[in-house]
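Q: Below is the file my_file.txt, which contains compact mmCIF, C-alpha atoms.
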# COMPACT_ATOMS: atom_id res chain seq x y z
CA MET A 258 88.42 97.25 21.14
CA SER A 259 92.07 97.98 22.01
CA ALA A 260 92.47 101.06 19.79
CA PRO A 261 89.94 103.27 21.62
CA ALA A 262 91.51 102.29 24.96
CA GLU A 263 94.99 103.21 23.67
CA ARG A 264 93.74 106.60 22.49
CA ARG A 265 92.31 107.23 25.96
CA TRP A 266 95.59 106.44 27.74
CA ARG A 267 98.11 107.76 25.26
CA GLY A 268 98.22 109.47 21.90
CA ALA A 269 100.75 109.80 19.09
CA LEU A 270 102.13 113.31 18.57
CA PRO A 271 102.69 114.61 15.02
CA ALA A 272 106.20 114.32 13.63
CA LEU A 273 108.29 117.49 13.55
CA PRO A 274 110.39 118.20 10.42
CA VAL A 275 114.10 117.86 11.14
CA GLU A 276 114.83 121.45 10.09
CA ALA A 277 112.21 122.76 12.49
CA ALA A 278 113.56 120.47 15.21
CA ARG A 279 117.06 121.90 14.82
CA ALA A 280 115.70 125.43 15.23
CA VAL A 281 113.93 124.41 18.44
CA LEU A 282 117.11 122.85 19.82
CA SER A 283 119.29 125.88 19.01
CA PRO A 284 119.58 129.38 20.51
CA PRO A 285 117.65 131.48 21.10
CA ARG A 286 114.97 128.86 21.71
CA VAL A 287 117.24 127.07 24.18
CA PRO A 288 119.97 128.87 26.15
CA PRO A 289 123.52 128.37 24.85
CA SER A 290 124.43 126.78 28.19
CA THR A 291 121.96 123.95 27.41
CA LEU A 292 123.50 122.86 24.10
CA THR A 293 125.82 120.29 25.70
CA ASP A 294 122.86 118.67 27.44
CA VAL A 295 120.88 118.64 24.19
CA ALA A 296 123.76 116.82 22.50
CA ARG A 297 123.81 114.26 25.34
CA ALA A 298 120.07 113.74 24.90
CA ARG A 299 120.56 112.91 21.20
CA ARG A 300 123.12 110.25 22.13
CA ALA A 301 120.89 108.94 24.91
CA ALA A 302 118.19 108.12 22.37
CA ALA A 303 120.24 105.30 20.86
CA MET A 304 120.45 103.57 24.26
CA ASN A 305 116.95 104.39 25.49
CA VAL A 306 118.53 106.29 28.37
CA PRO A 307 115.86 108.53 29.93
CA VAL A 308 116.02 112.32 29.57
CA TRP A 309 114.69 114.55 32.30
CA ILE A 310 113.34 117.83 30.89
CA GLU A 311 112.81 120.55 33.50
CA MET A 312 110.89 123.48 32.05
CA PRO A 313 108.00 125.75 33.07
CA VAL A 314 104.60 124.46 32.04
CA GLY A 315 104.21 127.20 29.42
CA GLY A 316 107.77 126.91 28.16
CA GLY A 317 107.09 124.65 25.18
CA ARG A 318 107.93 121.31 26.75
CA THR A 319 106.01 119.24 24.21
CA LEU A 320 107.67 121.09 21.32
CA LEU A 321 111.11 120.40 22.81
CA ALA A 322 110.26 116.71 23.20
CA ARG A 323 109.06 116.52 19.59
CA ALA A 324 112.30 118.17 18.47
CA LEU A 325 114.44 115.69 20.44
CA HIS A 326 112.48 112.77 18.96
CA ALA A 327 112.90 114.11 15.40
CA GLU A 328 116.62 114.91 15.80
CA ALA A 329 117.28 111.44 17.21
CA GLY A 330 115.84 109.90 14.03
CA ARG A 331 113.88 107.30 15.92
CA PRO A 332 111.71 105.07 13.70
CA GLY A 333 108.94 104.57 16.27
CA PRO A 334 106.18 107.00 17.27
CA LEU A 335 106.31 109.74 19.90
CA LEU A 336 103.57 108.95 22.42
CA ALA A 337 102.15 111.32 25.01
CA ALA A 338 101.13 109.02 27.85
CA GLU A 339 98.77 109.69 30.71
CA ALA A 340 100.31 109.30 34.14
CA SER A 341 98.93 105.82 34.65
CA GLY A 342 100.53 102.42 34.72
CA ARG A 343 98.26 101.16 31.97
CA ALA A 344 99.50 103.83 29.53
CA LEU A 345 103.10 102.71 29.99
CA ARG A 346 102.58 99.03 29.16
CA ASP A 347 102.74 97.32 25.76
CA LEU A 348 104.47 100.21 24.00
CA PRO A 349 105.15 99.93 20.23
CA PRO A 350 108.71 99.05 19.16
CA ASP A 351 111.22 101.95 19.19
CA ALA A 352 108.64 104.28 20.73
CA THR A 353 109.51 107.51 22.50
CA VAL A 354 107.18 108.09 25.43
CA LEU A 355 106.47 111.48 26.97
CA VAL A 356 105.35 111.53 30.60
CA ASP A 357 104.58 114.44 32.95
CA VAL A 358 106.09 113.32 36.26
CA ALA A 359 104.03 115.85 38.23
CA ARG A 360 100.94 113.77 37.46
CA LEU A 361 102.41 110.37 38.27
CA THR A 362 100.46 108.20 40.67
CA ALA A 363 102.34 105.67 42.81
CA PRO A 364 101.46 102.78 40.44
CA ALA A 365 102.50 104.89 37.46
CA ALA A 366 105.86 105.72 39.10
CA ALA A 367 106.43 101.99 39.48
CA ALA A 368 105.54 101.51 35.80
CA VAL A 369 108.10 104.18 34.86
CA GLU A 370 110.74 102.34 36.91
CA ALA A 371 109.91 99.14 35.04
CA LEU A 372 110.19 101.03 31.76
CA LEU A 373 113.66 102.23 32.79
CA ASP A 374 114.66 98.71 33.81
CA ASP A 375 113.56 97.13 30.54
CA ALA A 376 114.73 99.95 28.23
CA THR A 377 112.04 99.03 25.70
CA ALA A 378 111.28 102.66 24.86
CA TRP A 379 112.96 106.06 25.13
CA PRO A 380 111.41 107.94 28.09
CA LEU A 381 111.24 111.74 28.03
CA LEU A 382 110.04 112.81 31.46
CA LEU A 383 108.77 116.33 31.98
CA SER A 384 108.90 118.32 35.18
CA SER A 385 108.63 121.95 36.16
CA PRO A 386 111.00 123.73 38.58
CA ASP A 387 108.39 123.56 41.35
CA ALA A 388 107.42 119.90 40.72
CA PRO A 389 110.48 117.62 40.45
CA PRO A 390 110.19 113.85 40.02
CA PRO A 391 109.35 111.75 43.10
CA PRO A 392 112.33 110.40 45.10
CA PRO A 393 112.25 106.89 43.60
CA LEU A 394 112.84 108.38 40.16
CA ASP A 395 114.93 111.53 40.58
CA ALA A 396 118.24 109.72 41.06
CA ARG A 397 117.64 107.46 38.03
CA LEU A 398 116.90 110.47 35.82
CA ALA A 399 120.07 112.37 36.70
CA ALA A 400 122.17 110.96 33.84
CA VAL A 401 120.80 113.34 31.18
CA MET A 402 118.93 116.45 32.17
CA ILE A 403 117.86 119.46 30.11
CA ARG A 404 116.99 122.43 32.28
CA ILE A 405 115.39 125.47 30.58
CA PRO A 406 114.98 128.35 33.04
CA PRO A 407 111.78 130.43 33.11
CA LEU A 408 111.69 133.42 30.77
CA ALA A 409 111.80 135.69 33.82
CA GLN A 410 115.40 134.49 34.27
CA ARG A 411 116.31 134.92 30.59
CA ALA A 412 115.75 138.67 30.18
CA SER A 413 118.82 139.06 27.96
CA GLU A 414 117.46 136.42 25.55
CA VAL A 415 113.85 137.60 25.31
CA GLY A 416 114.56 140.05 22.47
CA ALA A 417 116.10 137.36 20.26
CA LEU A 418 113.24 134.97 21.10
CA ALA A 419 110.68 137.62 20.19
CA ALA A 420 112.46 138.40 16.91
CA GLN A 421 112.49 134.70 16.04
CA LEU A 422 108.76 134.45 16.72
CA VAL A 423 108.07 137.53 14.60
CA SER A 424 110.07 136.03 11.75
CA THR A 425 108.23 132.70 11.98
CA LEU A 426 104.79 134.27 12.17
CA SER A 427 105.53 136.71 9.35
CA ALA A 428 106.73 133.88 7.11
CA ARG A 429 103.35 132.18 7.54
CA ARG A 430 101.60 135.14 5.98
CA GLY A 431 104.28 135.61 3.33
CA ALA A 432 105.46 138.99 4.58
CA ALA A 433 108.72 140.51 5.71
CA ALA A 434 109.21 140.50 9.47
CA PRO A 435 108.77 143.89 11.18
CA ARG A 436 111.65 145.30 13.20
CA LEU A 437 111.37 145.56 16.99
CA THR A 438 112.29 149.03 18.27
CA PRO A 439 114.76 149.46 21.16
CA SER A 440 111.83 150.54 23.36
CA ALA A 441 109.95 147.37 22.44
CA LEU A 442 112.97 145.24 23.31
CA ASP A 443 113.31 146.99 26.69
CA TRP A 444 109.60 146.46 27.35
CA LEU A 445 109.84 142.76 26.53
CA ALA A 446 112.88 142.28 28.77
CA ALA A 447 111.05 144.01 31.64
CA GLN A 448 108.02 141.73 31.74
CA PRO A 449 107.72 138.95 34.37
CA TRP A 450 106.26 136.44 31.83
CA PRO A 451 104.31 134.25 34.27
CA GLY A 452 102.98 132.32 31.24
CA ASP A 453 106.53 131.86 29.90
CA MET A 454 106.95 131.13 26.16
CA ALA A 455 103.22 130.63 25.62
CA GLU A 456 102.61 134.17 26.85
CA LEU A 457 105.44 135.63 24.75
CA GLU A 458 104.06 133.90 21.65
CA ALA A 459 100.61 135.32 22.32
CA VAL A 460 102.00 138.84 22.77
CA MET A 461 103.98 138.70 19.53
CA ALA A 462 101.03 137.25 17.61
CA ARG A 463 98.79 140.00 18.95
CA ALA A 464 101.33 142.64 17.91
CA LEU A 465 101.55 141.28 14.35
CA VAL A 466 97.79 140.95 13.98
CA GLY A 467 97.33 144.52 15.23
CA THR A 468 99.56 146.30 12.70
CA ASP A 469 100.88 146.26 9.15
CA ALA A 470 103.73 148.64 10.04
CA THR A 471 107.35 147.82 9.36
CA VAL A 472 108.24 148.22 13.03
CA ILE A 473 106.74 146.92 16.27
CA ASP A 474 106.79 149.33 19.20
CA VAL A 475 105.50 149.23 22.78
CA PRO A 476 101.85 150.12 21.98
CA GLN A 477 101.44 147.06 19.75
CA LEU A 478 103.05 144.81 22.37
CA ALA A 479 100.92 146.25 25.16
CA GLY A 480 97.76 145.71 23.14
CA ALA A 481 97.01 149.36 22.37
CA SER A 482 95.26 150.02 19.08
CA VAL A 483 97.30 151.96 16.54
CA ALA A 484 95.70 153.88 13.71
CA PRO A 485 96.48 152.42 10.27
CA ASP A 486 97.98 155.71 9.08
CA ALA A 487 100.25 156.08 12.11
CA THR A 488 103.87 156.73 11.20
CA ASP A 489 106.41 153.98 11.63
CA ASP A 490 108.28 155.76 14.40
CA GLY A 491 105.18 155.64 16.58
CA ARG A 492 104.95 159.38 17.27
CA GLN A 493 101.19 159.29 17.76
CA ALA A 494 101.38 156.37 20.16
CA GLN A 495 104.27 157.99 22.03
CA LEU A 496 102.25 161.18 22.50
CA ALA A 497 99.33 159.18 23.88
CA PHE A 498 101.62 157.47 26.39
CA LEU A 499 103.20 160.76 27.45
CA VAL A 500 99.81 162.32 28.10
CA ALA A 501 98.68 159.29 30.12
CA GLN A 502 101.89 159.29 32.15
CA LEU A 503 101.73 163.03 32.81
CA ALA A 504 98.15 162.66 34.05
CA HIS A 505 99.21 159.82 36.33
CA GLU A 506 102.15 161.74 37.77
CA LEU A 507 99.98 164.81 38.43
CA ARG A 508 97.22 162.84 40.12
CA ASN A 509 99.56 161.27 42.69
CA PRO A 510 100.48 164.42 44.66
CA LEU A 511 97.02 165.94 44.21
CA ALA A 512 95.37 162.81 45.59
CA ALA A 513 97.70 162.86 48.59
CA VAL A 514 96.82 166.51 49.30
CA LYS A 515 93.10 165.79 48.98
CA THR A 516 93.29 162.83 51.37
CA PHE A 517 95.28 164.78 53.96
CA ALA A 518 92.91 167.77 53.76
CA GLN A 519 89.98 165.54 54.75
CA ILE A 520 91.54 164.44 58.06
CA PRO A 521 89.16 165.46 60.90
CA GLY A 522 90.48 168.16 63.22
CA LEU A 523 93.16 169.42 60.81
CA ALA A 524 92.33 173.08 61.40
CA ASP A 525 92.75 172.76 65.18
CA ASP A 526 96.00 170.76 65.23
CA ALA A 527 99.10 172.89 64.72
CA ALA A 528 101.38 169.90 64.08
CA MET A 529 98.97 168.48 61.51
CA ARG A 530 98.69 171.87 59.80
CA ALA A 531 102.48 172.07 59.56
CA ARG A 532 102.62 168.62 58.00
CA PHE A 533 99.86 169.64 55.57
CA VAL A 534 101.79 172.75 54.51
CA SER A 535 104.91 170.64 53.98
CA LEU A 536 102.93 168.14 51.91
CA ILE A 537 101.50 170.92 49.76
CA ASP A 538 104.98 172.39 49.24
CA ASP A 539 106.30 168.99 48.14
CA ALA A 540 103.32 168.39 45.84
CA VAL A 541 103.54 171.80 44.22
CA GLY A 542 107.29 171.38 43.75
CA ARG A 543 106.79 167.97 42.15
CA VAL A 544 104.08 169.25 39.81
CA ASP A 545 106.17 172.29 38.88
CA GLY A 546 109.13 170.03 38.11
CA LEU A 547 107.03 167.73 35.96
CA LEU A 548 105.60 170.63 34.00
CA ASP A 549 109.05 172.17 33.56
CA ASP A 550 110.43 168.83 32.32
CA THR A 551 107.55 168.39 29.91
CA ALA A 552 107.81 171.96 28.62
CA ALA A 553 111.56 171.59 28.08
CA PHE A 554 111.03 168.32 26.24
CA ALA A 555 108.37 169.89 24.02
CA SER A 556 110.66 172.81 23.18
CA PHE A 557 113.46 170.66 21.77
CA ALA A 558 113.93 170.92 18.03
CA ALA A 559 115.86 168.46 15.90
CA PRO A 560 119.20 167.61 17.59
CA ALA A 561 122.24 169.67 16.64
CA PRO A 562 125.05 167.13 17.25
CA ALA A 563 128.45 168.39 18.33
CA PRO A 564 131.45 166.85 20.12
CA ILE A 565 131.01 166.84 23.92
CA GLU A 566 133.64 166.16 26.55
CA LEU A 567 131.81 164.00 29.05
CA ARG A 568 133.78 164.59 32.24
CA PRO A 569 132.83 168.24 32.89
CA LEU A 570 129.22 167.52 31.98
CA LEU A 571 128.89 164.50 34.27
CA ASP A 572 130.92 166.06 37.10
CA GLY A 573 128.45 168.93 37.23
CA LEU A 574 125.40 166.66 37.18
CA ILE A 575 126.85 164.41 39.91
CA ALA A 576 127.41 167.51 42.06
CA GLU A 577 123.71 168.33 41.62
CA VAL A 578 122.45 164.97 42.93
CA ARG A 579 124.94 164.49 45.78
CA PRO A 580 123.04 166.61 48.35
CA GLY A 581 119.75 164.80 47.75
CA LEU A 582 121.45 161.43 48.09
CA ALA A 583 123.22 162.49 51.27
CA GLU A 584 119.91 163.59 52.82
CA ARG A 585 118.63 160.03 52.41
CA ALA A 586 121.88 158.42 53.66
CA ILE A 587 122.66 157.02 50.20
CA ALA A 588 126.36 156.56 49.51
CA LEU A 589 127.51 157.56 46.03
CA THR A 590 130.52 156.16 44.19
CA TYR A 591 131.42 157.96 40.98
CA VAL A 592 133.91 156.77 38.33
CA SER A 593 134.55 159.57 35.82
CA PRO A 594 134.74 159.19 32.01
CA ASN A 595 138.49 160.06 31.95
CA GLY A 596 138.40 162.34 28.93
CA ALA A 597 135.92 160.35 26.84
CA ARG A 598 133.76 162.22 24.36
CA CYS A 599 130.52 161.68 22.51
CA THR A 600 128.60 163.40 19.75
CA ALA A 601 125.14 164.71 20.59
CA ASP A 602 123.06 167.83 21.13
CA ARG A 603 124.62 169.15 24.36
CA GLU A 604 121.44 170.67 25.77
CA GLN A 605 119.41 167.56 25.07
CA LEU A 606 122.03 165.16 26.45
CA THR A 607 122.31 167.27 29.61
CA TYR A 608 118.53 167.16 29.99
CA ALA A 609 118.44 163.37 29.61
CA LEU A 610 121.31 162.64 32.00
CA ARG A 611 119.95 165.05 34.63
CA ALA A 612 116.53 163.38 34.50
CA ILE A 613 118.04 159.89 34.78
CA LEU A 614 120.37 160.68 37.68
CA GLY A 615 117.63 162.58 39.50
CA GLY A 616 115.21 159.73 38.94
CA VAL A 617 117.60 157.16 40.38
CA ALA A 618 118.21 159.43 43.37
CA ARG A 619 114.45 159.37 44.02
CA GLU A 620 113.95 155.64 43.36
CA ALA A 621 116.94 154.24 45.26
CA PRO A 622 115.96 153.14 48.79
CA PRO A 623 117.39 154.98 51.83
CA ASP A 624 120.77 153.72 53.08
CA ASP A 625 121.53 152.29 49.63
CA ALA A 626 124.88 152.54 47.83
CA VAL A 627 124.61 153.96 44.31
CA ARG A 628 127.50 153.56 41.88
CA VAL A 629 127.79 155.70 38.73
CA ASP A 630 130.47 154.31 36.41
CA ALA A 631 131.27 156.28 33.26
CA SER A 632 134.60 154.57 32.54
CA GLY A 633 133.18 152.20 29.92
CA ARG A 634 133.38 153.41 26.35
CA GLY A 635 130.08 154.89 25.23
CA ARG A 636 128.23 153.92 28.41
CA VAL A 637 127.26 155.32 31.78
CA SER A 638 126.17 152.57 34.18
CA ILE A 639 124.18 153.42 37.30
CA GLU A 640 123.91 150.59 39.83
CA PHE A 641 121.48 150.63 42.76
CA ASP A 642 119.50 148.35 45.07
CA ASP A 643 116.56 146.46 43.55
CA ARG A 644 115.36 144.50 46.57
CA HIS A 645 112.18 146.61 46.77
CA GLY A 646 111.32 146.42 43.07
CA SER A 647 112.77 149.77 42.00
CA ALA A 648 113.95 148.30 38.69
CA GLY A 649 110.49 146.93 38.02
CA ARG A 650 108.99 150.39 38.41
CA LEU A 651 111.61 151.97 36.18
CA ARG A 652 111.16 149.36 33.46
CA HIS A 653 107.38 149.65 33.13
CA VAL A 654 106.61 151.44 29.87
CA ALA A 655 102.93 150.63 29.56
CA LEU A 656 100.23 150.51 32.20
CA GLY A 657 100.75 147.61 34.60
CA ASP A 658 98.28 144.79 35.14
CA GLY A 659 96.43 146.82 37.74
CA GLY A 660 96.29 149.88 35.50
CA ALA A 661 98.05 152.06 38.06
CA GLU A 662 101.77 151.66 37.58
CA VAL A 663 103.69 153.47 34.84
CA LEU A 664 107.25 154.41 34.10
CA PRO A 665 108.09 157.68 35.88
CA LEU A 666 107.68 160.45 33.35
CA PRO A 667 111.24 161.87 33.61
CA PHE A 668 112.61 158.50 32.44
CA VAL A 669 110.19 158.36 29.52
CA LEU A 670 111.24 161.81 28.38
CA ALA A 671 114.94 161.14 28.96
CA ARG A 672 114.84 157.94 26.94
CA ALA A 673 113.01 159.64 24.09
CA VAL A 674 115.65 162.38 23.99
CA LEU A 675 118.50 159.84 24.08
CA GLU A 676 116.98 157.82 21.23
CA ARG A 677 116.43 161.01 19.22
CA ASN A 678 120.17 161.66 19.53
CA GLY A 679 121.15 158.09 18.65
CA GLY A 680 121.59 156.80 22.20
CA ALA A 681 119.53 154.40 24.30
CA LEU A 682 118.48 153.58 27.84
CA ALA A 683 118.29 150.04 29.23
CA LEU A 684 117.90 148.43 32.63
CA GLN A 685 118.85 144.95 33.84
CA ARG A 686 118.25 143.18 37.12
CA GLN A 687 121.16 141.24 38.60
CA SER A 688 121.09 138.01 40.59
CA ASP A 689 122.52 139.73 43.71
CA GLY A 690 119.48 141.97 44.16
CA ARG A 691 121.04 144.98 42.43
CA ALA A 692 120.00 146.66 39.18
CA VAL A 693 122.00 148.50 36.54
CA LEU A 694 120.55 151.36 34.54
CA GLU A 695 122.70 151.74 31.43
CA VAL A 696 122.88 154.91 29.33
CA ARG A 697 124.30 154.25 25.88
CA LEU A 698 125.82 157.45 24.59
CA PRO A 699 125.71 158.44 20.92
CA GLY A 700 128.90 158.73 18.92
CA ALA A 701 131.19 157.95 21.85
CA THR A 702 134.98 157.87 21.60
CA ALA A 703 137.54 156.67 24.15
CA GLY A 704 139.27 159.04 26.51
CA GLY A 705 142.91 159.82 26.74
CA GLY A 706 143.52 158.04 30.04
Since I need it in another form, could you write the structure as structure tokens?
A:
Amino acid sequence: MSAPAERRWRGALPALPVEAARAVLSPPRVPPSTLTDVARARRAAAMNVPVWIEMPVGGGRTLLARALHAEAGRPGPLLAAEASGRALRDLPPDATVLVDVARLTAPAAAAVEALLDDATAWPLLLSSPDAPPPPPLDARLAAVMIRIPPLAQRASEVGALAAQLVSTLSARRGAAAPRLTPSALDWLAAQPWPGDMAELEAVMARALVGTDATVIDVPQLAGASVAPDATDDGRQAQLAFLVAQLAHELRNPLAAVKTFAQIPGLADDAAMRARFVSLIDDAVGRVDGLLDDTAAFASFAAPAPAPIELRPLLDGLIAEVRPGLAERAIALTYVSPNGARCTADREQLTYALRAILGGVAREAPPDDAVRVDASGRGRVSIEFDDRHGSAGRLRHVALGDGGAEVLPLPFVLARAVLERNGGALALQRQSDGRAVLEVRLPGATAGGG
């Protein structure tokens, strides 16, 4: 009669091979900053000292606990216990017991305290950042703590995590792992990942199931279907995205004009008519600019690389955007390249940099301070305010959850041109509410000082 009751209150988790456990307890699965705490947890196992694991619910908490149990070499079972006092009594010898502290009742919290007092098992207690242990326990769990931040705070590590998942999943089907394109890596780093690791695993599995190509690009990650005969560089998918983004950009000003034109009494109100004319002028100018940008992009042939001195090129482009920034009370700080050079198609590089600088000038909020720093070798960094989500808009490559938000077309075209020339475009949020848009220049060489 006791066995069914034990299964209802707690269950034994399958053992994890030691090699797999070491992979789970190493970067990129855990941040490098956590390795010291992981080592402490291994030593804590020998003394049955509790380990507090703070991770998001979808972060793979059970897998981490299984890895700690395997690495510690404990002879007893790993038990997942319900948050009840009954589940925490009469544990097998040398057991490791896994408890979610967010579900603890008051009697169960007392049972955990008794477990800590008696040290008859090794407790691994799980919590999420928004559900810490109750006050009677939090101080007693402070000796060894492993804190894994949400994926949304690990943007720089998401690419390596995704590549590891692709490698693992590909090995299961006995195939070589596809390569993630730079655009795919940027897309992954831009996502908010509310489902954390579980969501990332689902996205990568979906991408692998959806293609047999040797590369994974944004369409596969975003769930778009890709024809089996599509080329590896994703030209067909890229064209589809460009068309969708152009349609979106054109609809915005036209919808605004249509809405304004339907305001009652427009014809009889001189001030309203003046505003309507101004709105039409802005809309027509925006549409003309988009069409010019798209036509220029379409006209580019294969790049003809040549050495380019960056300072005259960037000085001229900065002079172009200064008036627009000044109109919106945006301060501009510019650090020149100091004689640095790169190798690219001059016309295409000029097109890309003009589109990027102009785009930032439009996206940066009024009264902001924009800093353009070209002093780093092979890079132009553009820093601006991100408190209103500007970086999020710039980093969207596919349609957003609501189906209405896309990356502004000039950035899509600029990035495509940069990549065609061997460069790249990336964007990172910073903890201080700023964002940095980084242009990686092809074939760059240092300046002469």
Q: Quick one: residues within 9 Å of range 296-313 of chain A, only C-alpha atoms counted, chain neighbours fewer than 2 positions away excluded, as a ChimeraX atom specification?
A: /A:291-294,315-318,321-322,325-326,328-331,351,353,373,376-387,389-390,395,397-408,452-454
Q: Between CA of Leu355 in chain A and CA of Pro393 in chain A, what is the spacing in Å?
A: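 Those two atoms sit 18.2 Å apart.
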Q: Rounded to one decimal place, report the CA of Arg323 in chain A-CA of Ala367 in chain A distance in Å.
A: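 That distance, rounded to one decimal, is 24.8 Å.
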Q: In Å, rounded to a single decimal, give me how far CA of Leu582 in chain A is from CA of Val637 in chain A.
A: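 Computing the Euclidean distance for CA of Val637 in chain A and CA of Leu582 in chain A yields 18.4 Å.
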Q: So, counting all atoms listed in the file, which residue among A:Arg411, A:Gln448, A:Ala366, A:Pro580 is closest to Pro392 in chain A?
A: A:Ala366
Q: As a PyMOL selection string, please: the residues near Gly573 in chain A (cut-off 12 Å, all atoms listed in the file, same-chain neighbours under 6 positions excluded).
A: chain A and resi 567+579+591+593+607+610-611+614
Q: Enclose all atoms of range 407-416 of chain A listed in the file in an axis-aligned box, grow every side by 5 Å, and hand back centre and edge lengths in Å to one decimal, as AutoDock Vina command-line options.
A:
--center_x 115.3 --center_y 135.2 --center_z 28.4 --size_x 17.1 --size_y 19.6 --size_z 21.8
